[in-house]
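**Q** What follows is a structure written as structure tokens; I'll ask about it next.
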Amino acid sequence: MEAILVKHLSAYFQKHYQKEVSAFEIQPTKPQFEGDLTLVVFPLLKIVSKKPADLAAELGDFLVENVSEIESYNVVQGFLNIQISDLYYVTFLKELQKNTTFGFVPAKDDSNKVIVEYSSPNTNKPLHLGHIRNNLLGASVAAILAANGNRVHTTQIINDRGIHICKSMVAWQKFGNAETPTSSNLKGDALVGKYYVLFDQQYKKEISELIFSGRTEEQAKKEAPIFLEAKEMLVQWEQNNSKVRALWEQMNGWVYNGFTQTYKRLGVHFDSYYYESDTYVLGKETVDEGLEKGVFYKKEDGSVWVDLSDEGLDEKLLLRSDGTSVYMTQDLGTAKLRFDDHPDIKGMVYTVGNEQDYHFKVLFLILNKLGYDWASQLHHLSYGMVDLPSGKMKSREGTVVDADALMDEMHATAKQLSQELGKVDGMSEDEKESLYHTIGMGALKYYILKVDPKKRILFDPKASVDFNGNTGPFIQYTYARIQSVLRKVKGQTLEFQESITLHDKEKKILKTLEQFPSVVAAAGNQYSPALIANYVYDLVKHYNSYYQEVPILVDDSSSRSLRVVLCSSVSMVIRKSLQLLGIEAPNRM
RNA sequence: GGCCCAGUAGUUCAACUGGAUAGAAUAUCAGAUUUCGGCUCUGAGGGUUGGGGGUUCGAAUCCUCCCUGGGUCACCA
């Protein structure tokens with residue numbers, strides 16, 4: 001509807017004022033005023049010097065006369081409130097009924113391929129709550145981009161090498177007694193994580209012993225025997241020592257098995273994987289290239305730097321004096337590798353926490369300076385930390401929330417609540433279990449996705465799984481209820497008359513439904529699952545108040561079929577919105 | 001200390017990116033219903049948008065100076 005308005009308005013300005021106007025401030029009318037859409041005329045006064053109310057009336061007259069969908073208007077100060085005819089909405093509903101891809105832009109084969117990177121864990125410990133936020137954001141942004149007509153390729157860069165990986169390896173060798181996931185009955189990532197913790201405990205013990213025998217803390221940290229072992233192992237790893245490599249592969253294999261289970265349960269997937277053990281040597285050619293182009297410079301000791309002071313940033317190291325690479329070098333190389341692997345990609349999204357804002361700012365700047373044409377299409381999807389009601393998560397203090405444990409807890413809470421509410425009576429055990437999973441995960445996902453990515457989030461497991469309020473289960477519940485209505489009317493004809501008067505609440509729902517394509521589009525541009533989450537909630541809220549006042553199934557008037565269509569359209573849009581968020585929409589609850 | 005981000009009802013979050021009287025949920029309170037106090041429904045209160053100044057028809061949103069919290073400034077990743 002907005003598009004129609006814009007078309008007519010700009011034609012009007014062209015014709016009567018010979019002015020090119022393409023942007024109009026149009027918004028849904030606030031509930032306290034009468035109307036459906038509101039045009040704010042203030043911005044137009046710069047183009048046409050008139051009194052706000054006069055111009056509004058002038059435009060209102062024009063629209064009523066020339067646009068059949070517009071019934072009437074009223075003016076409040078500089079606001080032109082436009083009333084849209086019921087027929088428009090009924091027609092819209094009819095189209096919606098036919099259009100099964102409503103809100104989704106089909107992807108073209110030859111354009112808009114985008115890589116979305118997310119998760120990117122270390123292989124020395126299990127995933128935690130922070131990864132969950134990362135994964136859910138990455139996966140839903142990928143879904144939103146796909147809905148907007150992009151071809152999306154999801155990937156991650158796995159941090160599978162380095163001193164921290166060697167730490168768990170050393171500890172396992174020392175204390176492991178050949179323990180395996182099978183023999184210990186632990187998930188592989190949990191098992192490896194256990195040895196990472198063991199390493200740290202032993203390390204601390206050795207440090208305090210050394211301090212006791214007279215070393216400074218700094219010395220002790222460097223000289224602790226177990227630390228020296230880890231360092232030595234890293235050297236051997238880099239020298240390709242076959243025994244070390246075998247152990248490394250074995251333990252990483254365990255971790256990957258564990259991760260795979262967690263990802264599966266979360267409902268996320270990846271099209272490809274990049275491993276740091278492959279990419280950590282990359283980037284040196286890029287550095288050479290930068291030196292040739294004069295973008296980088298070499299210091300006397302041989303280290304390579306880039307000067308970003310023109311951009312208001314500092315100098316940044318790109319290559320150590322011994323010629324080895326740093327984090328930035330690798331990321332330069334990895335970015336280039338990805339564009340080499342996928343020559344047709346147009347852009348890339350990195351889902352990484354906001355503590356790396358600076359790093360990505362620098363990375364993108366450098367790639368721009370190097371003159372890659374794709375460098376302008378890089379985006380850092382930055383997100384805030386996840387806090388708990390008990391305080392900040394700190395791995396050292398053991399207050400980290402393990403992803404698997406959290407999902408278990410969500411599952412258990414969903415179970416408890418469902419049983420209390422008597423919702424699962426008469427279901428088979430399998431059905432029950434899958435229902436608890438759906439509800440628990442839905443609660444978790446929705447709770448996290450509904451807040452603006454860049455803000456810190458306070459995660460309260462209890463509040464998230466509530467069946468009331470702005471929660472996942474509430475939305476799932478409404479969806480399930482609609483399904484049940486639709487089941488009961490199955491087989492009936494869904495033809496309805498067009499000369500129908502819409503109930504106020506029906507109109508409200510239709511107005512919300514109409515927003516869906518623009519919500520997807522807007523979310524795609526802004527990488528914002530939160531927008532969709534809040535939108536679905538609005539829709540569900542309207543539907544619930546509608547449902548309570550309009551008894552769909554006992555009404556036998558001619559408008560009954562309209563209501564059935566309305567229900568099925570609401571259900572379709574809820575399902576699609578949830579799909580974009582990676583949340584399952586259950587048929588029964 | 002420099003730079004970046006955030007600060008909105010008691011609490012958790014919105015506010016379509018500069019629009020009308022800042023909205024939901026939850027908590028609280030008051031009613032209705034009854035098997036008790038739990039479930040459900042109706043309603044109410046609750047805000048100087050961290051503070052000051054500025055920009056304009058109009059500011060939570062933009063500029064500026066403070067305050068608070070977080071992050072980041074490694075030849076770590």
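In the structure tokens, the first chain shown is A, the next is B, and so on; residue numbers restart at 1 for each chain, and ligands run from 1 in the order shown.
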Using only C-alpha atoms (C1' of nucleotides), what table do you get, as a Markdown table, when you list each residue of chain B with an atom no more than 7 Å from chain A, its nearest pair of atoms, and their distance in Å rounded to one decimal, rows by chain then rising number?
**A**
```
| residue | atom | partner | partner_atom | distance |
| --- | --- | --- | --- | --- |
| B:A6 | C1' | A:Lys455 | CA | 6.7 |
| B:C13 | C1' | A:Val451 | CA | 6.9 |
| B:A25 | C1' | A:Gly469 | CA | 4.8 |
| B:G71 | C1' | A:Glu355 | CA | 5.5 |
| B:U72 | C1' | A:Glu355 | CA | 6.7 |
| B:C75 | C1' | A:Arg320 | CA | 4.9 |
| B:A77 | C1' | A:Tyr327 | CA | 6.1 |
```
**Q** Limited to N, CA and C atoms (P, O5', C5', C4', C3', O3' and C1' of nucleotides), could you put the picked residues into a file as a CSV table (one decimal), in the first residue's frame?
**A**
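Once everything was written out, this is selection_30.csv:
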```
chain,number,residue,atom,x,y,z
B,6,A,P,25.4,2.4,20.9
B,6,A,O5',25.1,1.9,22.4
B,6,A,C5',24.3,0.8,22.6
B,6,A,C4',24.3,0.5,24.1
B,6,A,C3',23.5,1.4,25.0
B,6,A,O3',22.1,1.2,24.9
B,6,A,C1',25.6,1.0,26.0
B,13,C,P,17.7,-7.1,29.0
B,13,C,O5',16.5,-7.1,27.9
B,13,C,C5',16.4,-6.0,27.0
B,13,C,C4',15.1,-6.2,26.2
B,13,C,C3',14.9,-5.1,25.1
B,13,C,O3',15.5,-5.5,23.9
B,13,C,C1',12.9,-5.3,26.4
B,25,A,P,0.9,-6.3,27.8
B,25,A,O5',2.0,-7.3,28.4
B,25,A,C5',2.4,-8.5,27.7
B,25,A,C4',3.7,-9.0,28.2
B,25,A,C3',3.8,-9.3,29.7
B,25,A,O3',3.2,-10.5,30.0
B,25,A,C1',5.7,-8.0,29.0
B,71,G,P,34.9,-5.4,30.7
B,71,G,O5',35.2,-5.1,29.1
B,71,G,C5',34.6,-6.0,28.2
B,71,G,C4',34.7,-5.4,26.8
B,71,G,C3',36.2,-5.2,26.4
B,71,G,O3',36.8,-6.4,25.9
B,71,G,C1',34.9,-3.3,25.8
B,72,U,P,38.3,-6.7,26.1
B,72,U,O5',39.0,-5.6,25.1
B,72,U,C5',38.8,-5.7,23.7
B,72,U,C4',39.3,-4.5,23.0
B,72,U,C3',40.8,-4.2,23.3
B,72,U,O3',41.6,-5.1,22.6
B,72,U,C1',39.5,-2.3,23.5
B,75,C,P,52.7,-5.7,20.2
B,75,C,O5',53.3,-6.7,19.3
B,75,C,C5',52.5,-7.7,18.7
B,75,C,C4',53.3,-9.0,18.5
B,75,C,C3',53.9,-9.5,19.8
B,75,C,O3',53.9,-10.9,19.6
B,75,C,C1',55.6,-9.0,18.3
B,77,A,P,49.0,-14.8,17.8
B,77,A,O5',47.6,-15.4,17.9
B,77,A,C5',47.4,-16.7,18.4
B,77,A,C4',45.9,-17.0,18.5
B,77,A,C3',45.0,-16.6,17.3
B,77,A,O3',44.9,-17.7,16.4
B,77,A,C1',44.1,-15.6,19.2
```
**Q** Considering only strand (DSSP E) as DSSP defines it on the backbone, what residues of region 337-489 of chain A qualify? List them as a list of chain:residue names.
**A**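 Taking region 337-489 of chain A and keeping strand (DSSP E) gives A:Ile345, A:Lys346, A:Gly347, A:Met348, A:Val349, A:Tyr350, A:Thr351, A:Val352, A:Gly353, A:Leu378, A:His379, A:His380, A:Leu381, A:Ser382, A:Tyr383, A:Val386, A:Asp387, A:Ile457, A:Leu458.
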**Q** Just the residues within 12 Å of U61 (chain B), please, counting only C-alpha atoms (C1' of nucleotides), with nothing from its chain fewer than 3 positions along; format it as a short mmCIF file (atom, residue, chain, number, x, y, z; two decimals) with N, CA and C atoms (P, O5', C5', C4', C3', O3' and C1' of nucleotides), in the first residue's frame.
**A**
```cif
data_model
loop_
_atom_site.label_atom_id
_atom_site.label_comp_id
_atom_site.auth_asym_id
_atom_site.auth_seq_id
_atom_site.Cartn_x
_atom_site.Cartn_y
_atom_site.Cartn_z
P U B 8 18.49 2.14 31.17
"O5'" U B 8 17.41 3.03 30.42
"C5'" U B 8 17.00 4.27 30.97
"C4'" U B 8 15.71 4.70 30.36
"C3'" U B 8 14.49 3.87 30.76
"O3'" U B 8 13.97 4.27 32.01
"C1'" U B 8 14.49 4.18 28.42
P A B 15 13.38 -1.18 18.49
"O5'" A B 15 12.31 0.01 18.43
"C5'" A B 15 11.06 -0.17 17.79
"C4'" A B 15 10.20 1.03 18.02
"C3'" A B 15 10.86 2.36 17.65
"O3'" A B 15 10.76 2.64 16.27
"C1'" A B 15 9.90 2.53 19.80
P U B 17 12.27 4.38 9.74
"O5'" U B 17 13.80 4.69 9.46
"C5'" U B 17 14.20 6.01 9.56
"C4'" U B 17 14.76 6.30 10.95
"C3'" U B 17 16.15 6.96 10.91
"O3'" U B 17 16.24 7.84 12.04
"C1'" U B 17 16.24 4.99 12.17
P G B 18 17.13 9.11 12.01
"O5'" G B 18 16.34 10.20 12.85
"C5'" G B 18 15.63 9.82 14.02
"C4'" G B 18 14.36 10.62 14.10
"C3'" G B 18 13.51 10.61 12.82
"O3'" G B 18 12.15 10.76 13.13
"C1'" G B 18 14.06 12.79 13.33
P G B 19 11.29 9.48 13.63
"O5'" G B 19 10.45 10.20 14.75
"C5'" G B 19 9.15 9.72 15.04
"C4'" G B 19 8.26 10.86 15.45
"C3'" G B 19 6.79 10.56 15.18
"O3'" G B 19 6.03 11.27 16.15
"C1'" G B 19 7.42 12.48 13.98
P A B 22 4.17 10.64 25.65
"O5'" A B 22 4.55 9.17 25.18
"C5'" A B 22 4.66 8.85 23.81
"C4'" A B 22 5.56 7.66 23.64
"C3'" A B 22 5.27 6.50 24.60
"O3'" A B 22 4.31 5.63 24.05
"C1'" A B 22 7.59 7.02 24.62
P U B 49 12.75 12.42 30.07
"O5'" U B 49 13.33 11.04 30.61
"C5'" U B 49 14.71 10.82 30.69
"C4'" U B 49 15.05 9.45 30.18
"C3'" U B 49 16.25 9.42 29.24
"O3'" U B 49 16.95 8.20 29.45
"C1'" U B 49 14.39 8.53 28.13
#
```
**Q** Check the smallest atom-to-atom distance from each of A:Leu367, A:Lys19, A:Ser272, A:Thr260 to Val295 (chain A) using only C-alpha atoms, then report the winner.
**A**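 Smallest distance to Val295 (chain A) is found for A:Leu367.
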**Q** If I take CA of Asp189 (chain A) and CA of Pro126 (chain A), how far is one from the other in Å, to one decimal?
**A**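 Atom-to-atom, CA of Asp189 (chain A) to CA of Pro126 (chain A), that is 5.0 Å.
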**Q** Go through A:Ala412, A:Ile448, A:Val536, A:Leu127 and flag the residue nearest Val573 (chain A), using only C-alpha atoms for the distances.
**A**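 Result for the nearest residue to Val573 (chain A): A:Val536.
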